[in-house]
$ cat my_file_34.cif   # mmCIF, C-alpha atoms
data_my_file
#
loop_
_atom_site.label_atom_id
_atom_site.label_comp_id
_atom_site.auth_asym_id
_atom_site.auth_seq_id
_atom_site.Cartn_x
_atom_site.Cartn_y
_atom_site.Cartn_z
CA ALA A 1 100.40 121.51 103.95
CA VAL A 2 103.27 123.77 102.78
CA SER A 3 101.35 124.58 99.58
CA GLN A 4 98.37 125.68 101.65
CA ILE A 5 99.81 127.49 104.67
CA GLY A 6 103.27 128.51 103.48
CA PHE A 7 106.82 127.50 104.31
CA VAL A 8 106.90 128.79 107.90
CA GLY A 9 103.34 127.76 108.74
CA GLY A 10 103.69 124.37 107.06
CA THR A 11 106.99 123.58 108.76
CA MET A 12 105.65 124.62 112.16
CA ALA A 13 102.50 122.55 111.61
CA ILE A 14 104.58 119.50 110.71
CA GLY A 15 106.68 119.96 113.85
CA VAL A 16 103.67 120.42 116.16
CA MET A 17 101.65 117.54 114.72
CA SER A 18 104.72 115.28 114.73
CA LEU A 19 105.47 116.05 118.37
CA TRP A 20 101.82 115.62 119.36
CA SER A 21 101.50 112.24 117.60
CA SER A 22 104.83 111.02 118.96
CA TYR A 23 104.04 112.08 122.53
CA ASN A 24 100.66 110.33 122.42
CA CYS A 25 102.22 107.15 121.07
CA TRP A 26 104.96 107.12 123.69
CA THR A 27 102.38 107.74 126.44
CA ILE A 28 100.49 104.62 125.33
CA VAL A 29 103.74 102.62 125.42
CA LYS A 30 104.39 103.80 128.98
CA ILE A 31 100.84 102.86 130.01
CA LYS A 32 101.29 99.41 128.44
CA ARG A 33 104.50 98.86 130.38
CA TYR A 34 102.84 100.04 133.59
CA ILE A 35 99.99 97.54 133.06
CA GLU A 36 102.44 94.71 132.44
CA ARG A 37 104.53 95.59 135.47
CA SER A 38 101.53 96.02 137.79
CA THR A 39 99.87 92.81 136.63
CA ALA A 40 103.09 90.83 136.97
CA GLU A 41 103.61 92.14 140.51
CA ALA A 42 100.01 91.33 141.48
CA ASN A 43 100.26 87.82 140.07
CA SER A 44 103.55 87.29 141.89
CA ARG A 45 101.96 88.29 145.22
CA VAL A 46 99.00 85.96 144.63
CA ASN A 47 101.30 83.07 143.73
CA ASN A 48 103.29 83.62 146.89
CA ILE A 49 100.13 83.54 149.05
CA VAL A 50 98.52 80.55 147.35
CA ASP A 51 101.44 78.20 147.00
CA GLY A 52 101.14 75.68 144.21
CA LEU A 53 97.76 76.93 142.91
CA GLU A 54 97.20 78.57 139.53
CA THR A 55 94.99 81.54 140.38
CA LYS A 56 95.56 83.86 137.47
CA SER A 57 92.52 84.49 135.33
CA GLU A 58 92.65 84.52 131.54
CA SER A 59 92.32 88.30 131.62
CA ALA A 60 95.17 88.72 134.07
CA SER A 61 97.36 86.41 132.01
CA SER A 62 96.63 88.55 128.96
CA MET A 63 97.50 91.73 130.84
CA ALA A 64 100.80 90.24 131.98
CA SER A 65 101.73 89.40 128.40
CA SER A 66 104.23 91.54 126.55
CA ALA A 67 101.91 91.50 123.51
CA LEU A 68 99.31 93.91 124.84
CA THR A 69 97.26 95.64 122.16
CA TYR A 70 95.49 99.01 122.09
CA PRO A 71 92.13 97.33 122.95
CA ASP A 72 93.84 95.64 125.93
CA VAL A 73 94.95 99.04 127.19
CA GLY A 74 91.41 100.37 126.68
CA GLU A 75 89.96 97.44 128.63
CA TRP A 76 92.35 98.07 131.51
CA ALA A 77 91.39 101.74 131.59
CA TYR A 78 87.60 101.65 131.13
CA GLY A 79 86.37 98.06 130.83
CA ASP A 80 85.07 95.68 128.18
CA LYS A 81 82.83 98.13 126.32
CA PHE A 82 85.70 100.56 125.84
CA GLU A 83 87.85 97.72 124.55
CA GLN A 84 85.21 97.05 121.88
CA PHE A 85 85.05 100.77 121.09
CA ILE A 86 88.84 100.96 120.62
CA SER A 87 88.79 97.86 118.39
CA GLY A 88 86.09 99.46 116.24
CA CYS A 89 88.02 102.74 116.00
CA ILE A 90 91.23 100.99 114.93
CA CYS A 91 89.44 98.90 112.29
CA THR A 92 87.66 101.98 110.94
CA GLN A 93 90.86 104.03 110.86
CA GLN A 94 92.86 101.33 109.13
CA LEU A 95 90.09 100.75 106.58
CA ALA A 96 90.01 104.48 105.80
CA VAL A 97 93.81 104.74 105.56
CA CYS A 98 94.11 101.65 103.36
CA THR A 99 91.38 102.99 101.08
CA VAL A 100 93.28 106.25 100.60
CA PHE A 101 96.57 104.42 100.01
CA PHE A 102 94.81 102.15 97.54
CA SER A 103 93.55 105.22 95.69
CA PHE A 104 97.06 106.77 95.67
CA ILE A 105 98.53 103.58 94.22
CA GLY A 106 95.90 103.69 91.48
CA GLU A 107 96.71 107.36 90.80
CA ASN A 108 100.44 106.72 90.57
CA ILE A 109 100.22 103.67 88.31
CA LEU A 110 97.60 105.36 86.12
CA ALA A 111 99.85 108.40 85.67
CA VAL A 112 102.58 106.12 84.28
CA CYS A 113 100.21 104.08 82.10
CA GLN A 114 98.74 107.20 80.49
CA LEU A 115 102.20 108.14 79.24
CA VAL A 116 102.50 104.86 77.31
CA PRO A 117 98.88 104.08 76.33
CA GLU A 118 99.90 101.88 73.39
CA GLU A 119 102.00 99.63 75.62
CA VAL A 120 99.42 98.76 78.29
CA PRO A 121 95.99 97.04 78.27
CA ASN A 122 92.96 99.33 78.07
CA ILE A 123 91.90 98.39 81.60
CA LEU A 124 94.99 100.22 82.92
CA LEU A 125 93.95 103.50 81.31
CA SER A 126 91.33 104.33 83.96
CA HIS A 127 91.67 104.82 87.70
CA SER A 128 89.03 102.20 88.51
CA GLY A 129 90.64 99.74 86.10
CA VAL A 130 94.07 100.10 87.69
CA MET A 131 92.59 99.67 91.16
CA THR A 132 90.69 96.56 90.03
CA VAL A 133 93.89 94.95 88.73
CA ALA A 134 95.85 95.94 91.84
CA LEU A 135 93.20 94.73 94.30
CA PRO A 136 94.18 91.00 94.38
CA PHE A 137 97.82 91.87 95.05
CA ILE A 138 96.88 94.30 97.82
CA LEU A 139 94.50 91.80 99.42
CA GLY A 140 97.32 89.26 99.33
CA LEU A 141 99.18 91.35 101.91
CA SER A 142 96.51 90.41 104.46
CA LEU A 143 97.75 86.81 104.31
CA ILE A 144 101.03 87.83 105.95
CA PRO A 145 100.63 86.43 109.49
CA ASN A 146 102.68 88.86 111.58
CA LEU A 147 105.16 91.74 111.60
CA SER A 148 108.17 89.43 111.63
CA ALA A 149 107.04 87.88 108.34
CA MET A 150 106.64 91.39 106.90
CA THR A 151 110.24 92.37 107.67
CA PRO A 152 111.62 91.56 104.17
CA ILE A 153 108.75 93.46 102.52
CA ILE A 154 109.23 96.46 104.83
CA ALA A 155 112.98 96.45 104.11
CA MET A 156 112.40 96.34 100.35
CA ALA A 157 109.77 99.09 100.58
CA THR A 158 112.21 101.27 102.55
CA VAL A 159 114.92 100.82 99.93
CA LEU A 160 112.47 101.66 97.11
CA LEU A 161 111.14 104.67 99.01
CA PHE A 162 114.59 106.17 99.53
CA GLY A 163 115.38 105.34 95.91
CA GLY A 164 112.31 107.40 95.00
CA PHE A 165 113.60 110.23 97.21
CA GLY A 166 116.91 110.07 95.36
CA VAL A 167 115.24 110.36 91.97
CA LEU A 168 113.05 113.18 93.27
CA GLY A 169 116.18 114.94 94.51
CA TYR A 170 117.71 114.66 91.04
CA ILE A 171 114.57 116.15 89.45
CA ILE A 172 114.58 119.02 91.96
CA SER A 173 118.23 119.79 91.19
CA ALA A 174 117.57 119.62 87.45
CA GLU A 175 114.64 122.05 87.69
CA TRP A 176 116.06 124.29 90.43
CA ALA A 177 117.16 127.02 88.02
CA GLU A 178 113.63 127.17 86.58
CA ARG A 179 111.84 127.20 89.96
CA PRO A 180 108.93 129.66 90.33
CA THR A 181 109.75 132.95 92.01
CA ASP A 182 106.22 133.92 93.03
CA PRO A 183 105.61 133.69 96.79
CA VAL A 184 103.37 130.90 98.06
CA GLU A 185 99.84 132.17 98.62
CA VAL A 186 98.85 131.30 102.17
CA GLN A 187 95.33 129.88 102.37
CA TRP A 188 94.45 129.95 106.06
CA LYS A 189 90.96 128.59 105.41
CA GLU A 190 92.68 125.39 104.25
CA ALA A 191 94.67 125.09 107.50
CA PRO A 192 92.40 122.39 109.03
CA LEU A 193 92.77 120.29 105.88
CA ALA A 194 96.55 120.79 105.96
CA LEU A 195 96.72 119.64 109.60
CA CYS A 196 94.60 116.58 108.77
CA ALA A 197 96.96 115.74 105.90
CA ILE A 198 99.96 115.85 108.24
CA LEU A 199 98.18 113.73 110.84
CA TYR A 200 97.25 111.27 108.10
CA SER A 201 100.97 110.86 107.39
CA TYR A 202 101.25 109.30 110.84
CA GLU A 203 98.67 106.59 110.16
CA GLY A 204 101.26 103.95 111.11
CA ILE A 205 100.90 104.77 114.81
CA CYS A 206 98.71 101.66 115.22
CA LEU A 207 101.89 99.61 114.72
CA ILE A 208 103.70 101.16 117.69
CA LEU A 209 102.62 98.61 120.31
CA PRO A 210 103.02 95.55 118.03
CA ILE A 211 106.53 96.66 117.05
CA GLU A 212 107.54 97.28 120.66
CA SER A 213 106.17 93.86 121.66
CA THR A 214 108.03 91.96 118.92
CA MET A 215 111.41 93.59 119.54
CA ALA A 216 114.12 91.27 120.83
CA GLU A 217 115.15 94.00 123.29
CA PRO A 218 112.09 96.17 124.07
CA LYS A 219 114.18 98.27 126.48
CA LYS A 220 115.83 99.85 123.43
CA PHE A 221 112.48 100.83 121.95
CA LYS A 222 112.53 104.37 123.35
CA ARG A 223 115.69 105.31 121.48
CA VAL A 224 114.51 103.61 118.30
CA PHE A 225 111.06 105.21 118.53
CA TRP A 226 112.17 108.81 119.06
CA SER A 227 114.93 108.51 116.45
CA ALA A 228 112.47 107.14 113.89
CA MET A 229 109.78 109.74 114.61
CA GLY A 230 112.36 112.53 114.45
CA CYS A 231 113.59 111.26 111.07
CA VAL A 232 110.01 111.08 109.77
CA ALA A 233 109.33 114.68 110.82
CA ILE A 234 112.55 115.91 109.18
CA ILE A 235 111.81 114.01 105.95
CA LEU A 236 108.26 115.39 105.82
CA ALA A 237 109.46 118.95 106.35
CA VAL A 238 112.44 118.81 103.96
CA VAL A 239 110.68 117.02 101.10
CA SER A 240 107.55 119.17 101.27
CA ASN A 241 109.49 122.44 101.43
CA LEU A 242 111.87 121.49 98.62
CA CYS A 243 109.01 120.35 96.36
CA VAL A 244 107.07 123.58 96.82
CA LEU A 245 110.25 125.64 96.36
CA ALA A 246 111.16 123.79 93.17
CA PHE A 247 107.74 123.24 91.59
CA GLY A 248 105.38 125.77 93.17
CA GLU A 249 101.99 124.79 94.52
CA VAL A 250 101.50 121.01 94.52
CA THR A 251 97.83 120.34 93.81
CA ASN A 252 97.84 116.53 94.03
CA GLY A 253 98.06 114.34 97.13
CA SER A 254 100.79 112.37 95.34
CA VAL A 255 103.70 114.64 94.41
CA THR A 256 105.09 112.11 91.93
CA ALA A 257 101.75 111.84 90.10
CA PHE A 258 101.56 115.66 90.11
CA LEU A 259 105.03 115.91 88.54
CA LEU A 260 104.19 113.31 85.88
CA GLU A 261 101.28 115.48 84.76
CA GLU A 262 103.26 118.71 85.11
CA TYR A 263 106.32 117.53 83.13
CA LYS A 264 104.77 114.95 80.78
CA ASP A 265 106.23 116.77 77.76
CA ASN A 266 109.74 117.04 79.21
CA LYS A 267 111.54 114.07 77.66
CA SER A 268 114.70 114.60 79.71
CA LEU A 269 112.80 114.19 83.00
CA ILE A 270 109.92 111.89 82.18
CA VAL A 271 111.90 108.65 82.57
CA PHE A 272 113.17 109.69 86.01
CA LEU A 273 109.64 110.69 87.02
CA MET A 274 108.26 107.33 85.94
CA VAL A 275 110.95 105.54 87.94
CA ALA A 276 110.28 107.70 91.01
CA ASN A 277 106.53 107.19 90.70
CA THR A 278 106.87 103.42 90.37
CA ALA A 279 109.29 103.19 93.30
CA VAL A 280 107.04 105.21 95.61
CA SER A 281 104.00 103.13 94.59
#

$ encode --input "my_file_34.cif" --output "structure tokens"
Amino acid sequence: AVSQIGFVGGTMAIGVMSLWSSYNCWTIVKIKRYIERSTAEANSRVNNIVDGLETKSESASSMASSALTYPDVGEWAYGDKFEQFISGCICTQQLAVCTVFFSFIGENILAVCQLVPEEVPNILLSHSGVMTVALPFILGLSLIPNLSAMTPIIAMATVLLFGGFGVLGYIISAEWAERPTDPVEVQWKEAPLALCAILYSYEGICLILPIESTMAEPKKFKRVFWSAMGCVAIILAVVSNLCVLAFGEVTNGSVTAFLLEEYKDNKSLIVFLMVANTAVS
């Protein structure tokens, strides 16, 4: 986004899209809590009137649960057909997002393999080959039953991601003296694409309700949520601005893959770039 609409425009776009996504997510959380509270109160009144009888329907029991999903909220708002529509939208969105991530993983691993072609099998020297090899491991993630079971993987991924940021920071500092001095050319016709790219960065919003539901103390979710979303916005703005300042226009969706291609002949940086690329992948 910063490469396309400049430092000021890109930073403002990140801030606006971050606030918009965060506000929408928090609104859904508030609606979920309202549904749970209203359903629990209604069930309590019914139980008081009909002493000793179980009168709650399966639907009402689901609505009173703390594990409400986005389709449940859609059903409460507009009925069964809207619930099915929301389920379809979520499945489509997640399939699209996972496909893009899958492609990025292939790009990143391929960029490393092409630097050491003699050391890797031939199948890893093409994008489709890398994706074919990676597919079984990626599909294996679908066997993880719930978010709680994913906690160790998420923790490890977080450590690797910030390790990648650290290596990227080192590369930026090493190349800072050689940074381009030409101003960024603003391409306003690319603004819609830039906004879509920022919004894509928030693809994890479908996890908001499941995370809130699985917390030991959901009352603390508001503080955790806004702190996390604020940190994400700051990281997006800082990393994107620093990368464009240090390296000029970034033409690849994966900045680490872009740098591997850009600095493949720089022996002093190539090892750090390979480490950063692998960690991010």

$ residues_around --input "my_file_34.cif" --residues "Ala174 of chain A" --least-positions-apart "2" --cutoff "12 Å" --atoms "all atoms listed in the file" --output "PyMOL selection string"
chain A and resi 167-172+176-179+246-247+266+268-269+272-273

$ resolve_selection --input "my_file_34.cif" --expression "the PyMOL selection byres ((chain A and resi 258) around 12)" --output "ChimeraX atom specification"
/A:104,107-108,110-112,243-244,247-257,259-264,273-274,276-277

$ residues_around --input "my_file_34.cif" --residues "Pro192 of chain A" --least-positions-apart "5" --cutoff "12 Å" --atoms "all atoms listed in the file" --output "list in words"
Ala1, Gln4, Ile5, Gly10, Ala13, Met17, Gln187, Ala197, Ile198 and Leu199 of chain A

$ resolve_selection --input "my_file_34.cif" --expression "the PyMOL selection byres ((chain A and resi 19-22) around 9)" --output "PyMOL selection string"
chain A and resi 14-18+23-27+199+202+205+225-226+229-230+233

$ closest_residue --input "my_file_34.cif" --among "A:Glu217, A:Glu212, A:Glu190, A:Glu75" --to "Ile35 of chain A" --atoms "all atoms listed in the file"
A:Glu75

$ resolve_selection --input "my_file_34.cif" --expression "the PyMOL selection byres ((chain A and resi 71) around 10)" --output "list in words"
Leu68, Thr69, Tyr70, Asp72, Val73, Gly74, Glu75, Trp76, Ala77, Gly79, Asp80, Lys81, Phe82, Glu83, Gln84, Phe85, Ile86, Ser87, Gly88, Cys89 and Ile90 of chain A

$ atom_distance --input "my_file_34.cif" --atom1 "atom CA of Gly204 of chain A" --atom2 "atom CA of Lys189 of chain A"
27.3 Å

$ atom_distance --input "my_file_34.cif" --atom1 "atom CA of Asp265 of chain A" --atom2 "atom CA of Val184 of chain A"
24.9 Å

$ closest_residue --input "my_file_34.cif" --among "A:Cys206, A:Val232, A:Ile31, A:Ala40" --to "Val97 of chain A" --atoms "only C-alpha atoms"
A:Cys206

$ closest_residue --input "my_file_34.cif" --among "A:Arg33, A:Thr39, A:Leu139, A:Thr181" --to "Thr99 of chain A" --atoms "all atoms listed in the file"
A:Leu139

$ residues_around --input "my_file_34.cif" --residues "Ser240 of chain A" --least-positions-apart "4" --cutoff "9 Å" --atoms "all atoms listed in the file" --output "list of chain:residue names"
A:Ala1, A:Val2, A:Ser3, A:Phe7, A:Gly10, A:Thr11, A:Ile235, A:Leu236, A:Val244, A:Leu245

$ atom_distance --input "my_file_34.cif" --atom1 "atom CA of Leu193 of chain A" --atom2 "atom CA of Gly164 of chain A"
25.8 Å

$ closest_residue --input "my_file_34.cif" --among "A:Leu143, A:Val29, A:Ile138, A:Ala42" --to "Phe102 of chain A" --atoms "all atoms listed in the file"
A:Ile138

$ build_atoms --input "my_file_34.cif" --residues "segment 213-224 of chain A" --atoms "all heavy atoms" --output "mmCIF file, in the coordinates of the input"
data_model
loop_
_atom_site.group_PDB
_atom_site.id
_atom_site.type_symbol
_atom_site.label_atom_id
_atom_site.label_comp_id
_atom_site.auth_asym_id
_atom_site.auth_seq_id
_atom_site.Cartn_x
_atom_site.Cartn_y
_atom_site.Cartn_z
ATOM 1 N N SER A 213 106.343 95.191 121.080
ATOM 2 C CA SER A 213 106.170 93.860 121.660
ATOM 3 C C SER A 213 107.020 92.803 120.968
ATOM 4 O O SER A 213 107.447 91.834 121.604
ATOM 5 C CB SER A 213 104.692 93.446 121.588
ATOM 6 O OG SER A 213 103.883 94.319 122.347
ATOM 7 N N THR A 214 107.279 92.981 119.666
ATOM 8 C CA THR A 214 108.030 91.960 118.920
ATOM 9 C C THR A 214 109.532 92.213 118.917
ATOM 10 O O THR A 214 110.280 91.388 118.386
ATOM 11 C CB THR A 214 107.527 91.892 117.464
ATOM 12 O OG1 THR A 214 107.610 93.193 116.869
ATOM 13 C CG2 THR A 214 106.085 91.423 117.413
ATOM 14 N N MET A 215 109.976 93.320 119.501
ATOM 15 C CA MET A 215 111.410 93.590 119.540
ATOM 16 C C MET A 215 112.134 92.585 120.427
ATOM 17 O O MET A 215 111.617 92.179 121.478
ATOM 18 C CB MET A 215 111.686 95.011 120.045
ATOM 19 C CG MET A 215 111.401 96.095 119.038
ATOM 20 S SD MET A 215 111.862 97.737 119.634
ATOM 21 C CE MET A 215 113.663 97.594 119.723
ATOM 22 N N ALA A 216 113.322 92.180 120.012
ATOM 23 C CA ALA A 216 114.120 91.270 120.830
ATOM 24 C C ALA A 216 114.542 91.930 122.133
ATOM 25 O O ALA A 216 114.648 91.271 123.172
ATOM 26 C CB ALA A 216 115.348 90.809 120.038
ATOM 27 N N GLU A 217 114.772 93.251 122.087
ATOM 28 C CA GLU A 217 115.150 94.000 123.290
ATOM 29 C C GLU A 217 114.248 95.225 123.410
ATOM 30 O O GLU A 217 114.627 96.325 123.005
ATOM 31 C CB GLU A 217 116.617 94.423 123.215
ATOM 32 C CG GLU A 217 117.589 93.255 123.136
ATOM 33 C CD GLU A 217 119.040 93.722 123.091
ATOM 34 O OE1 GLU A 217 119.485 94.324 124.080
ATOM 35 O OE2 GLU A 217 119.692 93.502 122.052
ATOM 36 N N PRO A 218 113.041 95.053 123.969
ATOM 37 C CA PRO A 218 112.090 96.170 124.070
ATOM 38 C C PRO A 218 112.634 97.366 124.841
ATOM 39 O O PRO A 218 112.141 98.484 124.655
ATOM 40 C CB PRO A 218 110.902 95.531 124.805
ATOM 41 C CG PRO A 218 111.005 94.071 124.516
ATOM 42 C CD PRO A 218 112.471 93.792 124.470
ATOM 43 N N LYS A 219 113.630 97.159 125.707
ATOM 44 C CA LYS A 219 114.180 98.270 126.480
ATOM 45 C C LYS A 219 114.814 99.326 125.575
ATOM 46 O O LYS A 219 114.955 100.486 125.969
ATOM 47 C CB LYS A 219 115.219 97.759 127.479
ATOM 48 C CG LYS A 219 114.614 96.932 128.621
ATOM 49 C CD LYS A 219 115.679 96.504 129.614
ATOM 50 C CE LYS A 219 115.072 95.716 130.765
ATOM 51 N NZ LYS A 219 116.098 95.273 131.741
ATOM 52 N N LYS A 220 115.210 98.910 124.373
ATOM 53 C CA LYS A 220 115.830 99.850 123.430
ATOM 54 C C LYS A 220 114.795 100.562 122.565
ATOM 55 O O LYS A 220 115.159 101.353 121.700
ATOM 56 C CB LYS A 220 116.823 99.108 122.536
ATOM 57 C CG LYS A 220 118.011 98.517 123.292
ATOM 58 C CD LYS A 220 118.982 97.850 122.338
ATOM 59 C CE LYS A 220 120.200 97.305 123.085
ATOM 60 N NZ LYS A 220 121.152 96.643 122.160
ATOM 61 N N PHE A 221 113.516 100.279 122.815
ATOM 62 C CA PHE A 221 112.480 100.830 121.950
ATOM 63 C C PHE A 221 112.414 102.354 122.026
ATOM 64 O O PHE A 221 112.154 103.012 121.016
ATOM 65 C CB PHE A 221 111.118 100.240 122.325
ATOM 66 C CG PHE A 221 109.985 100.753 121.473
ATOM 67 C CD1 PHE A 221 109.849 100.334 120.162
ATOM 68 C CD2 PHE A 221 109.075 101.674 121.976
ATOM 69 C CE1 PHE A 221 108.809 100.809 119.372
ATOM 70 C CE2 PHE A 221 108.035 102.160 121.197
ATOM 71 C CZ PHE A 221 107.912 101.719 119.895
ATOM 72 N N LYS A 222 112.647 102.919 123.206
ATOM 73 C CA LYS A 222 112.530 104.370 123.350
ATOM 74 C C LYS A 222 113.477 105.095 122.405
ATOM 75 O O LYS A 222 113.067 106.038 121.702
ATOM 76 C CB LYS A 222 112.825 104.781 124.800
ATOM 77 C CG LYS A 222 112.692 106.276 125.039
ATOM 78 C CD LYS A 222 112.920 106.627 126.509
ATOM 79 C CE LYS A 222 112.729 108.124 126.742
ATOM 80 N NZ LYS A 222 112.910 108.482 128.176
ATOM 81 N N ARG A 223 114.718 104.659 122.370
ATOM 82 C CA ARG A 223 115.690 105.310 121.480
ATOM 83 C C ARG A 223 115.308 105.125 120.015
ATOM 84 O O ARG A 223 115.369 106.066 119.218
ATOM 85 C CB ARG A 223 117.080 104.740 121.753
ATOM 86 C CG ARG A 223 118.187 105.363 120.904
ATOM 87 C CD ARG A 223 119.536 104.772 121.270
ATOM 88 N NE ARG A 223 119.567 103.338 121.006
ATOM 89 C CZ ARG A 223 120.547 102.538 121.404
ATOM 90 N NH1 ARG A 223 121.558 103.039 122.112
ATOM 91 N NH2 ARG A 223 120.519 101.257 121.123
ATOM 92 N N VAL A 224 114.904 103.893 119.681
ATOM 93 C CA VAL A 224 114.510 103.610 118.300
ATOM 94 C C VAL A 224 113.286 104.443 117.916
ATOM 95 O O VAL A 224 113.230 105.042 116.832
ATOM 96 C CB VAL A 224 114.204 102.104 118.124
ATOM 97 C CG1 VAL A 224 113.622 101.834 116.735
ATOM 98 C CG2 VAL A 224 115.457 101.274 118.348
#
